[in-house]
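J.: Here it is, the structure in full.
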Amino acid sequence: MSSECPENPERHPGSIPPALHPSSTIAILIVNYRRAADTLECLASLAQVNSPPFRVFLADNGSGPEDVATLTEYANQHPEWLRFVAYPDNTGFTGAHNRLFAEIIPMERYRHVLLLNNDTVVEPDFLTRMLARIDPARRIEMVAARVMQYADRERVDNLGITFYKCGLASNRKSPDDPLLGPSGNCALYTVELLRQVRVATGEYFDDRFFCYAEDTDLCWRAVWLGYRAAYAEDARVYHKGSVASGGPNSDFVLYHGIRNSLFVLVKNLPTRYLLRNLFWMLVLHAAILLRYAVKGKLRIVYRLYRDFLRGLSAMRRKRGSIEKQRRIPSNAIKPLISNMFYERDYVLNALRDLFMKIP
């Protein structure tokens with residue numbers, strides 16, 4: 001893993017690479033949290049992207065002096081295309097990106113914003129292929145990439161977000177699955193979409209979420225404003241996955257993933273949808289209680305539901321604001337929701353895990 005951008009013999013020393021010229025209209029946002037080596041690998045892959053022009057805004061989220069020193073040194077070597085800022089505290093995925101949005105969007109220089117996880121590497125043409133799917137005339141102003149697993153590059157990590165009738169969203173695994181919007185690990189938005197979401201709902205990401213499901217919440221708020229998503233099949237990105245949060249089965253992911261998914265329902269989904277799918281939602285949460293009781297994790301499950309209830313009134317107030325701003329009818333979202341209960345592989349793995357735990 002190199003800590004330097006690979007050299008291009010066709011470039012003159014000290015010149016600004018064409019893809020990184022100051023006239024760039026795309027801002028790429030990357031947040032580091034205690035994974036500087038992964039971040040450097042991500043930046044090295046971006047250095048091979050020849051077009052379109054972009055500028056990277058890199059933020060450290062309270063990692064500590066070692067990561068800050070490493071990233072500061074790298075940024076000082078590449079001031080023409082990389083801006084680095086170190087925040088003193090970890091404000092989560094939402095807090096760090098909201099700070100960057102607040103700085104970048106009012107500039108009126110950038111037309112597109114790409115969110116990219118620091119534990120990814122990209123193909124040189126990925127950004128051109130994602131940008132080609134933007135079509136403001138059709139209100140297509142958010143794009144998902146073909147994100148593959150870093151360790152097995154022929155295995156899908158996600159093709160965006162699919163929302164299921166149980167009330168949870170998950171990684172979209174097939175182009176045949178409904179597409180709600182892009183996953184936050186690689187998401188292209190127009191600045192206009194982000195600006196309008198902020199004007200209509202008072203926020204970019206919801207800081208209450210901290211991390212997980214914040215991308216789903218943003219997608220729903222954009223959908224209610226009439227925006228649509230597209231998928232760039234040929235834009236390849238490789239993702240290590242849940243590196244900074246302890247892995248997909250950690251208590252941290254369980255707490256934020258389920259609590260925030262409930263917040264999404266309260267904020268965004270129509271009453272008709274909630275009533276029609278109430279049975280499946282109850283089945284889901286009964287299964288969560290059973291699964292994690294068997295695992296001996298009732299304390300974390302209790303805490304996530306307790307904190308959901310504590311945040312309920314705030315989410316209901318936000319729901320009222322979102323409902324007032326809707327520009328499409330409630331029934332227009334039906335094609336965006338899968339008829340499946342939930343992601344098939346996850347359900348099978350959960351059942352397998354449950355029966356292995358029961359004596």
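Letters for chains follow the order of the structure tokens (A, B, ...), residue numbers begin at 1 for each chain, and ligand numbers begin at 1 in the order shown.
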Neighbours of Arg303 (chain A) within 12 Å (only C-alpha atoms; same-chain residues fewer than 3 positions away dropped), as a tab-separated table (two decimals) with N, CA, C and O atoms, in the first residue's frame?
T.:
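Contents of out.tsv, freshly written:
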```
chain	number	residue	atom	x	y	z
A	251	ASP	N	-21.85	-4.27	17.90
A	251	ASP	CA	-22.93	-3.62	18.64
A	251	ASP	C	-23.16	-2.20	18.12
A	251	ASP	O	-24.30	-1.71	18.10
A	252	PHE	N	-22.10	-1.54	17.71
A	252	PHE	CA	-22.20	-0.18	17.20
A	252	PHE	C	-23.09	-0.14	15.95
A	252	PHE	O	-23.98	0.72	15.83
A	254	LEU	N	-25.30	-2.46	15.03
A	254	LEU	CA	-26.65	-2.87	15.42
A	254	LEU	C	-27.43	-1.69	15.99
A	254	LEU	O	-28.56	-1.41	15.57
A	255	TYR	N	-26.81	-0.98	16.94
A	255	TYR	CA	-27.49	0.13	17.60
A	255	TYR	C	-27.89	1.21	16.61
A	255	TYR	O	-29.06	1.60	16.52
A	256	HIS	N	-26.93	1.72	15.85
A	256	HIS	CA	-27.22	2.83	14.95
A	256	HIS	C	-28.06	2.39	13.75
A	256	HIS	O	-28.93	3.15	13.30
A	258	ILE	N	-30.41	-0.07	13.47
A	258	ILE	CA	-31.83	-0.31	13.76
A	258	ILE	C	-32.50	0.96	14.29
A	258	ILE	O	-33.59	1.32	13.85
A	259	ARG	N	-31.85	1.65	15.22
A	259	ARG	CA	-32.45	2.89	15.74
A	259	ARG	C	-32.72	3.88	14.61
A	259	ARG	O	-33.81	4.45	14.50
A	297	LYS	N	-27.39	-10.23	23.86
A	297	LYS	CA	-27.19	-8.81	23.61
A	297	LYS	C	-28.46	-8.00	23.84
A	297	LYS	O	-28.71	-7.00	23.18
A	298	LEU	N	-29.24	-8.40	24.82
A	298	LEU	CA	-30.48	-7.69	25.09
A	298	LEU	C	-30.22	-6.27	25.58
A	298	LEU	O	-31.04	-5.36	25.35
A	299	ARG	N	-29.09	-6.04	26.22
A	299	ARG	CA	-28.81	-4.70	26.74
A	299	ARG	C	-28.70	-3.68	25.60
A	299	ARG	O	-29.27	-2.59	25.69
A	300	ILE	N	-27.98	-4.04	24.55
A	300	ILE	CA	-27.82	-3.11	23.44
A	300	ILE	C	-29.15	-2.95	22.68
A	300	ILE	O	-29.48	-1.85	22.21
A	306	ARG	N	-34.94	2.15	23.42
A	306	ARG	CA	-35.15	3.24	24.37
A	306	ARG	C	-34.79	4.58	23.73
A	306	ARG	O	-35.55	5.56	23.83
A	307	ASP	N	-33.65	4.62	23.05
A	307	ASP	CA	-33.20	5.89	22.47
A	307	ASP	C	-34.04	6.26	21.25
A	307	ASP	O	-34.19	7.46	20.94
A	308	PHE	N	-34.59	5.26	20.57
A	308	PHE	CA	-35.54	5.57	19.50
A	308	PHE	C	-36.76	6.29	20.07
A	308	PHE	O	-37.20	7.32	19.55
A	309	LEU	N	-37.29	5.75	21.16
A	309	LEU	CA	-38.47	6.37	21.77
A	309	LEU	C	-38.15	7.78	22.27
A	309	LEU	O	-38.98	8.69	22.18
A	310	ARG	N	-36.94	7.98	22.79
A	310	ARG	CA	-36.55	9.31	23.25
A	310	ARG	C	-36.47	10.31	22.09
A	310	ARG	O	-36.68	11.51	22.29
```
J.: Hey, what's within 9 Å of Ala27 (chain A) if we count only C-alpha atoms and toss same-chain stuff fewer than 6 positions away? As a ChimeraX atom specification, please?
T.: /A:54-57,104,110-115
J.: How would the residues just chosen look if you wrote them out with N, CA and C atoms as a tab-separated table (two decimals), in the first residue's frame?
T.:
```tsv
chain	number	residue	atom	x	y	z
A	54	PHE	N	-11.90	17.53	-10.67
A	54	PHE	CA	-12.47	17.46	-9.32
A	54	PHE	C	-11.47	18.00	-8.32
A	55	ARG	N	-11.96	18.24	-7.11
A	55	ARG	CA	-11.13	18.61	-5.99
A	55	ARG	C	-11.57	17.79	-4.79
A	56	VAL	N	-10.61	17.29	-4.02
A	56	VAL	CA	-10.90	16.46	-2.86
A	56	VAL	C	-10.89	17.31	-1.60
A	57	PHE	N	-11.93	17.14	-0.79
A	57	PHE	CA	-12.01	17.75	0.53
A	57	PHE	C	-11.95	16.60	1.55
A	104	ILE	N	-18.83	24.00	1.38
A	104	ILE	CA	-18.69	23.84	-0.06
A	104	ILE	C	-19.88	24.37	-0.85
A	110	TYR	N	-19.09	24.60	-7.28
A	110	TYR	CA	-19.23	23.17	-7.56
A	110	TYR	C	-20.66	22.86	-7.98
A	111	ARG	N	-20.80	22.01	-8.95
A	111	ARG	CA	-22.13	21.60	-9.43
A	111	ARG	C	-22.50	20.20	-8.95
A	112	HIS	N	-21.49	19.43	-8.56
A	112	HIS	CA	-21.73	18.06	-8.10
A	112	HIS	C	-20.87	17.77	-6.88
A	113	VAL	N	-21.40	16.92	-6.01
A	113	VAL	CA	-20.67	16.47	-4.83
A	113	VAL	C	-20.67	14.95	-4.82
A	114	LEU	N	-19.49	14.37	-4.67
A	114	LEU	CA	-19.36	12.91	-4.54
A	114	LEU	C	-18.93	12.58	-3.13
A	115	LEU	N	-19.71	11.75	-2.46
A	115	LEU	CA	-19.31	11.20	-1.17
A	115	LEU	C	-18.61	9.87	-1.42
```
J.: Among the residues of region 14-263 of chain A, find those DSSP assigns to strand (DSSP E) from the backbone and print them as a count of residues only.
T.: 66
J.: Go through A:Trp81, A:Tyr273, A:Tyr204, A:Tyr231 one by one, measure the shortest atom-to-atom distance of each to Lys334 (chain A) using only C-alpha atoms, and give the residue with the smallest value.
T.: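 So, comparing all the options, the nearest one is A:Tyr273.
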J.: In Å, how far is it from CA of Asn260 (chain A) to CA of Cys219 (chain A)?
T.: 13.9 Å
J.: Measuring between only C-alpha atoms, which one of A:Asp217, A:Ser330, A:Glu73, A:Ala287 shows the shortest distance to Arg272 (chain A)?
T.: A:Ser330
J.: From the options A:Leu225, A:Ala230, A:Ala213, A:Leu194, which residue's atoms come nearest to Ser261 (chain A), counting only C-alpha atoms?
T.: A:Ala213
J.: Closest to Tyr87 (chain A) among A:Val31, A:Ala47, A:Leu127, A:Val253, using only C-alpha atoms?
T.: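 Checking each candidate against Tyr87 (chain A), we get A:Val31 as the closest.
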J.: Of the residues A:Lys165, A:Arg146, A:Lys324, A:Arg139, which is the one nearest to Leu278 (chain A), using only C-alpha atoms?
T.: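 Once distances to Leu278 (chain A) are computed over only C-alpha atoms, the minimum belongs to A:Lys165.
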J.: Report as an mmCIF file with N, CA, C and O atoms, in the first residue's frame: the residues of region 216-312 of chain A with a DSSP assignment of alpha helix (DSSP H), based on the backbone of this structure.
T.:
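Written out: part35.cif:
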```cif
data_model
loop_
_atom_site.group_PDB
_atom_site.id
_atom_site.type_symbol
_atom_site.label_atom_id
_atom_site.label_comp_id
_atom_site.auth_asym_id
_atom_site.auth_seq_id
_atom_site.Cartn_x
_atom_site.Cartn_y
_atom_site.Cartn_z
ATOM 1 N N THR A 216 -30.152 6.766 3.527
ATOM 2 C CA THR A 216 -31.540 6.410 3.220
ATOM 3 C C THR A 216 -32.473 7.575 3.520
ATOM 4 O O THR A 216 -33.364 7.902 2.730
ATOM 5 N N ASP A 217 -32.264 8.207 4.649
ATOM 6 C CA ASP A 217 -33.075 9.361 5.036
ATOM 7 C C ASP A 217 -32.942 10.493 4.023
ATOM 8 O O ASP A 217 -33.944 11.090 3.598
ATOM 9 N N LEU A 218 -31.723 10.783 3.603
ATOM 10 C CA LEU A 218 -31.507 11.831 2.605
ATOM 11 C C LEU A 218 -32.187 11.477 1.289
ATOM 12 O O LEU A 218 -32.812 12.330 0.645
ATOM 13 N N CYS A 219 -32.071 10.216 0.875
ATOM 14 C CA CYS A 219 -32.710 9.788 -0.377
ATOM 15 C C CYS A 219 -34.224 9.988 -0.324
ATOM 16 O O CYS A 219 -34.820 10.484 -1.293
ATOM 17 N N TRP A 220 -34.846 9.581 0.783
ATOM 18 C CA TRP A 220 -36.295 9.746 0.884
ATOM 19 C C TRP A 220 -36.693 11.217 0.806
ATOM 20 O O TRP A 220 -37.658 11.580 0.122
ATOM 21 N N ARG A 221 -35.954 12.076 1.494
ATOM 22 C CA ARG A 221 -36.306 13.498 1.457
ATOM 23 C C ARG A 221 -36.140 14.068 0.045
ATOM 24 O O ARG A 221 -36.921 14.920 -0.384
ATOM 25 N N ALA A 222 -35.115 13.583 -0.678
ATOM 26 C CA ALA A 222 -34.948 14.011 -2.072
ATOM 27 C C ALA A 222 -36.078 13.481 -2.951
ATOM 28 O O ALA A 222 -36.594 14.191 -3.824
ATOM 29 N N VAL A 223 -36.464 12.232 -2.736
ATOM 30 C CA VAL A 223 -37.561 11.633 -3.511
ATOM 31 C C VAL A 223 -38.844 12.432 -3.326
ATOM 32 O O VAL A 223 -39.577 12.704 -4.293
ATOM 33 N N TRP A 224 -39.133 12.821 -2.082
ATOM 34 C CA TRP A 224 -40.372 13.579 -1.843
ATOM 35 C C TRP A 224 -40.353 14.939 -2.537
ATOM 36 O O TRP A 224 -41.411 15.525 -2.802
ATOM 37 N N ASP A 251 -21.849 -4.270 17.901
ATOM 38 C CA ASP A 251 -22.933 -3.617 18.639
ATOM 39 C C ASP A 251 -23.160 -2.202 18.122
ATOM 40 O O ASP A 251 -24.297 -1.714 18.104
ATOM 41 N N PHE A 252 -22.104 -1.540 17.709
ATOM 42 C CA PHE A 252 -22.199 -0.175 17.195
ATOM 43 C C PHE A 252 -23.092 -0.137 15.952
ATOM 44 O O PHE A 252 -23.976 0.718 15.834
ATOM 45 N N VAL A 253 -22.873 -1.068 15.034
ATOM 46 C CA VAL A 253 -23.671 -1.117 13.806
ATOM 47 C C VAL A 253 -25.114 -1.498 14.125
ATOM 48 O O VAL A 253 -26.061 -0.926 13.567
ATOM 49 N N LEU A 254 -25.302 -2.461 15.028
ATOM 50 C CA LEU A 254 -26.654 -2.868 15.419
ATOM 51 C C LEU A 254 -27.425 -1.687 15.992
ATOM 52 O O LEU A 254 -28.559 -1.411 15.571
ATOM 53 N N TYR A 255 -26.813 -0.979 16.935
ATOM 54 C CA TYR A 255 -27.490 0.129 17.601
ATOM 55 C C TYR A 255 -27.893 1.214 16.608
ATOM 56 O O TYR A 255 -29.064 1.601 16.518
ATOM 57 N N HIS A 256 -26.926 1.722 15.846
ATOM 58 C CA HIS A 256 -27.218 2.828 14.951
ATOM 59 C C HIS A 256 -28.064 2.393 13.751
ATOM 60 O O HIS A 256 -28.927 3.148 13.297
ATOM 61 N N GLY A 257 -27.803 1.184 13.250
ATOM 62 C CA GLY A 257 -28.543 0.725 12.082
ATOM 63 C C GLY A 257 -30.028 0.579 12.354
ATOM 64 O O GLY A 257 -30.867 1.054 11.570
ATOM 65 N N ILE A 258 -30.411 -0.071 13.469
ATOM 66 C CA ILE A 258 -31.827 -0.307 13.757
ATOM 67 C C ILE A 258 -32.497 0.956 14.286
ATOM 68 O O ILE A 258 -33.594 1.322 13.854
ATOM 69 N N ARG A 259 -31.851 1.646 15.224
ATOM 70 C CA ARG A 259 -32.449 2.888 15.742
ATOM 71 C C ARG A 259 -32.717 3.878 14.610
ATOM 72 O O ARG A 259 -33.814 4.447 14.496
ATOM 73 N N ASN A 260 -31.725 4.074 13.755
ATOM 74 C CA ASN A 260 -31.868 5.063 12.686
ATOM 75 C C ASN A 260 -32.869 4.629 11.626
ATOM 76 O O ASN A 260 -33.534 5.473 11.011
ATOM 77 N N SER A 261 -32.984 3.321 11.393
ATOM 78 C CA SER A 261 -33.990 2.840 10.443
ATOM 79 C C SER A 261 -35.398 3.142 10.943
ATOM 80 O O SER A 261 -36.296 3.452 10.141
ATOM 81 N N LEU A 262 -35.589 3.061 12.249
ATOM 82 C CA LEU A 262 -36.882 3.449 12.817
ATOM 83 C C LEU A 262 -37.109 4.953 12.683
ATOM 84 O O LEU A 262 -38.222 5.402 12.398
ATOM 85 N N PHE A 263 -36.054 5.732 12.867
ATOM 86 C CA PHE A 263 -36.162 7.178 12.641
ATOM 87 C C PHE A 263 -36.593 7.469 11.198
ATOM 88 O O PHE A 263 -37.411 8.360 10.948
ATOM 89 N N VAL A 264 -36.017 6.732 10.246
ATOM 90 C CA VAL A 264 -36.367 6.928 8.832
ATOM 91 C C VAL A 264 -37.859 6.710 8.611
ATOM 92 O O VAL A 264 -38.524 7.487 7.910
ATOM 93 N N LEU A 265 -38.397 5.647 9.205
ATOM 94 C CA LEU A 265 -39.820 5.349 9.048
ATOM 95 C C LEU A 265 -40.684 6.487 9.575
ATOM 96 O O LEU A 265 -41.626 6.933 8.909
ATOM 97 N N VAL A 266 -40.369 6.947 10.775
ATOM 98 C CA VAL A 266 -41.185 7.985 11.399
ATOM 99 C C VAL A 266 -41.099 9.287 10.612
ATOM 100 O O VAL A 266 -42.101 9.984 10.420
ATOM 101 N N LYS A 267 -39.908 9.618 10.112
ATOM 102 C CA LYS A 267 -39.719 10.879 9.397
ATOM 103 C C LYS A 267 -40.346 10.879 8.010
ATOM 104 O O LYS A 267 -40.918 11.884 7.579
ATOM 105 N N ASN A 268 -40.234 9.757 7.298
ATOM 106 C CA ASN A 268 -40.399 9.805 5.849
ATOM 107 C C ASN A 268 -41.534 8.995 5.241
ATOM 108 O O ASN A 268 -41.990 9.330 4.145
ATOM 109 N N THR A 271 -48.328 7.326 6.219
ATOM 110 C CA THR A 271 -49.126 6.531 7.167
ATOM 111 C C THR A 271 -49.708 5.311 6.488
ATOM 112 O O THR A 271 -49.759 4.221 7.068
ATOM 113 N N ARG A 272 -50.151 5.464 5.229
ATOM 114 C CA ARG A 272 -50.730 4.330 4.504
ATOM 115 C C ARG A 272 -49.721 3.197 4.372
ATOM 116 O O ARG A 272 -50.060 2.027 4.555
ATOM 117 N N TYR A 273 -48.466 3.538 4.062
ATOM 118 C CA TYR A 273 -47.427 2.510 3.961
ATOM 119 C C TYR A 273 -47.198 1.838 5.308
ATOM 120 O O TYR A 273 -47.091 0.608 5.407
ATOM 121 N N LEU A 274 -47.127 2.633 6.373
ATOM 122 C CA LEU A 274 -46.860 2.084 7.701
ATOM 123 C C LEU A 274 -47.962 1.119 8.125
ATOM 124 O O LEU A 274 -47.680 0.040 8.671
ATOM 125 N N LEU A 275 -49.204 1.484 7.874
ATOM 126 C CA LEU A 275 -50.313 0.601 8.257
ATOM 127 C C LEU A 275 -50.340 -0.664 7.403
ATOM 128 O O LEU A 275 -50.570 -1.769 7.908
ATOM 129 N N ARG A 276 -50.095 -0.518 6.110
ATOM 130 C CA ARG A 276 -50.160 -1.675 5.215
ATOM 131 C C ARG A 276 -49.075 -2.695 5.526
ATOM 132 O O ARG A 276 -49.261 -3.891 5.346
ATOM 133 N N LEU A 278 -47.458 -2.932 8.589
ATOM 134 C CA LEU A 278 -47.228 -3.029 10.027
ATOM 135 C C LEU A 278 -46.913 -4.456 10.462
ATOM 136 O O LEU A 278 -46.027 -4.680 11.296
ATOM 137 N N PHE A 279 -47.607 -5.436 9.898
ATOM 138 C CA PHE A 279 -47.357 -6.828 10.277
ATOM 139 C C PHE A 279 -45.907 -7.207 10.027
ATOM 140 O O PHE A 279 -45.243 -7.806 10.881
ATOM 141 N N TRP A 280 -45.386 -6.848 8.834
ATOM 142 C CA TRP A 280 -44.013 -7.226 8.490
ATOM 143 C C TRP A 280 -42.997 -6.495 9.373
ATOM 144 O O TRP A 280 -41.956 -7.057 9.727
ATOM 145 N N MET A 281 -43.324 -5.288 9.756
ATOM 146 C CA MET A 281 -42.433 -4.557 10.659
ATOM 147 C C MET A 281 -42.401 -5.206 12.035
ATOM 148 O O MET A 281 -41.333 -5.331 12.655
ATOM 149 N N LEU A 282 -43.552 -5.639 12.520
ATOM 150 C CA LEU A 282 -43.601 -6.310 13.818
ATOM 151 C C LEU A 282 -42.852 -7.643 13.771
ATOM 152 O O LEU A 282 -42.144 -7.998 14.723
ATOM 153 N N VAL A 283 -42.980 -8.351 12.666
ATOM 154 C CA VAL A 283 -42.230 -9.607 12.508
ATOM 155 C C VAL A 283 -40.732 -9.327 12.558
ATOM 156 O O VAL A 283 -39.968 -10.041 13.231
ATOM 157 N N LEU A 284 -40.315 -8.288 11.852
ATOM 158 C CA LEU A 284 -38.901 -7.954 11.833
ATOM 159 C C LEU A 284 -38.374 -7.669 13.235
ATOM 160 O O LEU A 284 -37.349 -8.221 13.652
ATOM 161 N N HIS A 285 -39.065 -6.833 13.977
ATOM 162 C CA HIS A 285 -38.529 -6.428 15.270
ATOM 163 C C HIS A 285 -38.669 -7.526 16.321
ATOM 164 O O HIS A 285 -37.837 -7.613 17.237
ATOM 165 N N ALA A 286 -39.661 -8.390 16.172
ATOM 166 C CA ALA A 286 -39.717 -9.579 17.032
ATOM 167 C C ALA A 286 -38.523 -10.475 16.752
ATOM 168 O O ALA A 286 -37.911 -11.032 17.685
ATOM 169 N N ALA A 287 -38.158 -10.604 15.472
ATOM 170 C CA ALA A 287 -36.998 -11.429 15.102
ATOM 171 C C ALA A 287 -35.703 -10.821 15.641
ATOM 172 O O ALA A 287 -34.794 -11.548 16.076
ATOM 173 N N ILE A 288 -35.600 -9.486 15.609
ATOM 174 C CA ILE A 288 -34.411 -8.830 16.158
ATOM 175 C C ILE A 288 -34.288 -9.115 17.641
ATOM 176 O O ILE A 288 -33.207 -9.465 18.146
ATOM 177 N N LEU A 289 -35.394 -8.992 18.368
ATOM 178 C CA LEU A 289 -35.368 -9.271 19.805
ATOM 179 C C LEU A 289 -34.956 -10.716 20.076
ATOM 180 O O LEU A 289 -34.119 -10.988 20.950
ATOM 181 N N LEU A 290 -35.524 -11.647 19.320
ATOM 182 C CA LEU A 290 -35.202 -13.058 19.525
ATOM 183 C C LEU A 290 -33.750 -13.342 19.191
ATOM 184 O O LEU A 290 -33.032 -14.001 19.964
ATOM 185 N N ARG A 291 -33.302 -12.851 18.055
ATOM 186 C CA ARG A 291 -31.943 -13.146 17.618
ATOM 187 C C ARG A 291 -30.903 -12.647 18.615
ATOM 188 O O ARG A 291 -29.960 -13.364 18.972
ATOM 189 N N TYR A 292 -31.088 -11.420 19.074
ATOM 190 C CA TYR A 292 -30.068 -10.849 19.941
ATOM 191 C C TYR A 292 -30.245 -11.250 21.402
ATOM 192 O O TYR A 292 -29.298 -11.166 22.188
ATOM 193 N N ALA A 293 -31.443 -11.724 21.777
ATOM 194 C CA ALA A 293 -31.593 -12.342 23.095
ATOM 195 C C ALA A 293 -30.790 -13.633 23.161
ATOM 196 O O ALA A 293 -30.086 -13.910 24.144
ATOM 197 N N VAL A 294 -30.864 -14.417 22.077
ATOM 198 C CA VAL A 294 -30.097 -15.668 22.008
ATOM 199 C C VAL A 294 -28.601 -15.370 22.040
ATOM 200 O O VAL A 294 -27.810 -16.123 22.625
ATOM 201 N N LEU A 298 -29.244 -8.402 24.819
ATOM 202 C CA LEU A 298 -30.481 -7.686 25.085
ATOM 203 C C LEU A 298 -30.224 -6.267 25.577
ATOM 204 O O LEU A 298 -31.041 -5.365 25.352
ATOM 205 N N ARG A 299 -29.086 -6.043 26.223
ATOM 206 C CA ARG A 299 -28.813 -4.698 26.743
ATOM 207 C C ARG A 299 -28.703 -3.683 25.605
ATOM 208 O O ARG A 299 -29.274 -2.595 25.685
ATOM 209 N N ILE A 300 -27.979 -4.042 24.552
ATOM 210 C CA ILE A 300 -27.821 -3.111 23.436
ATOM 211 C C ILE A 300 -29.149 -2.945 22.683
ATOM 212 O O ILE A 300 -29.479 -1.855 22.215
ATOM 213 N N VAL A 301 -29.946 -4.027 22.605
ATOM 214 C CA VAL A 301 -31.254 -3.937 21.952
ATOM 215 C C VAL A 301 -32.180 -3.031 22.761
ATOM 216 O O VAL A 301 -32.885 -2.180 22.194
ATOM 217 N N TYR A 302 -32.159 -3.188 24.088
ATOM 218 C CA TYR A 302 -32.963 -2.314 24.944
ATOM 219 C C TYR A 302 -32.568 -0.858 24.739
ATOM 220 O O TYR A 302 -33.420 0.023 24.608
ATOM 221 N N ARG A 303 -31.269 -0.586 24.670
ATOM 222 C CA ARG A 303 -30.797 0.789 24.556
ATOM 223 C C ARG A 303 -31.212 1.424 23.229
ATOM 224 O O ARG A 303 -31.598 2.596 23.186
ATOM 225 N N LEU A 304 -31.161 0.641 22.133
ATOM 226 C CA LEU A 304 -31.510 1.233 20.835
ATOM 227 C C LEU A 304 -32.994 1.564 20.758
ATOM 228 O O LEU A 304 -33.375 2.615 20.216
ATOM 229 N N TYR A 305 -33.859 0.691 21.316
ATOM 230 C CA TYR A 305 -35.292 0.993 21.298
ATOM 231 C C TYR A 305 -35.620 2.123 22.271
ATOM 232 O O TYR A 305 -36.476 2.971 21.987
ATOM 233 N N ARG A 306 -34.939 2.149 23.417
ATOM 234 C CA ARG A 306 -35.147 3.244 24.370
ATOM 235 C C ARG A 306 -34.791 4.582 23.734
ATOM 236 O O ARG A 306 -35.546 5.561 23.826
ATOM 237 N N ASP A 307 -33.645 4.622 23.054
ATOM 238 C CA ASP A 307 -33.204 5.886 22.466
ATOM 239 C C ASP A 307 -34.041 6.262 21.251
ATOM 240 O O ASP A 307 -34.192 7.457 20.938
ATOM 241 N N PHE A 308 -34.589 5.265 20.566
ATOM 242 C CA PHE A 308 -35.543 5.569 19.498
ATOM 243 C C PHE A 308 -36.759 6.285 20.075
ATOM 244 O O PHE A 308 -37.205 7.315 19.547
ATOM 245 N N LEU A 309 -37.285 5.754 21.162
ATOM 246 C CA LEU A 309 -38.469 6.375 21.775
ATOM 247 C C LEU A 309 -38.149 7.784 22.274
ATOM 248 O O LEU A 309 -38.983 8.693 22.176
ATOM 249 N N ARG A 310 -36.939 7.982 22.787
ATOM 250 C CA ARG A 310 -36.549 9.314 23.252
ATOM 251 C C ARG A 310 -36.467 10.309 22.092
ATOM 252 O O ARG A 310 -36.681 11.510 22.287
ATOM 253 N N GLY A 311 -36.143 9.826 20.911
ATOM 254 C CA GLY A 311 -36.043 10.712 19.751
ATOM 255 C C GLY A 311 -37.316 10.802 18.930
ATOM 256 O O GLY A 311 -37.353 11.502 17.914
ATOM 257 N N LEU A 312 -38.354 10.099 19.370
ATOM 258 C CA LEU A 312 -39.574 9.981 18.571
ATOM 259 C C LEU A 312 -40.245 11.333 18.329
ATOM 260 O O LEU A 312 -40.658 11.641 17.199
#
```
J.: Kindly indicate which residue among A:Leu336, A:Ala235, A:Leu29, A:Ala151 lies nearest to Asn98 (chain A), using only C-alpha atoms for the distances.
T.: A:Leu29
J.: Go ahead and compute the interatomic distance for CA of Asn90 (chain A) and CA of Asp206 (chain A), in Å to one decimal.
T.: 15.4 Å
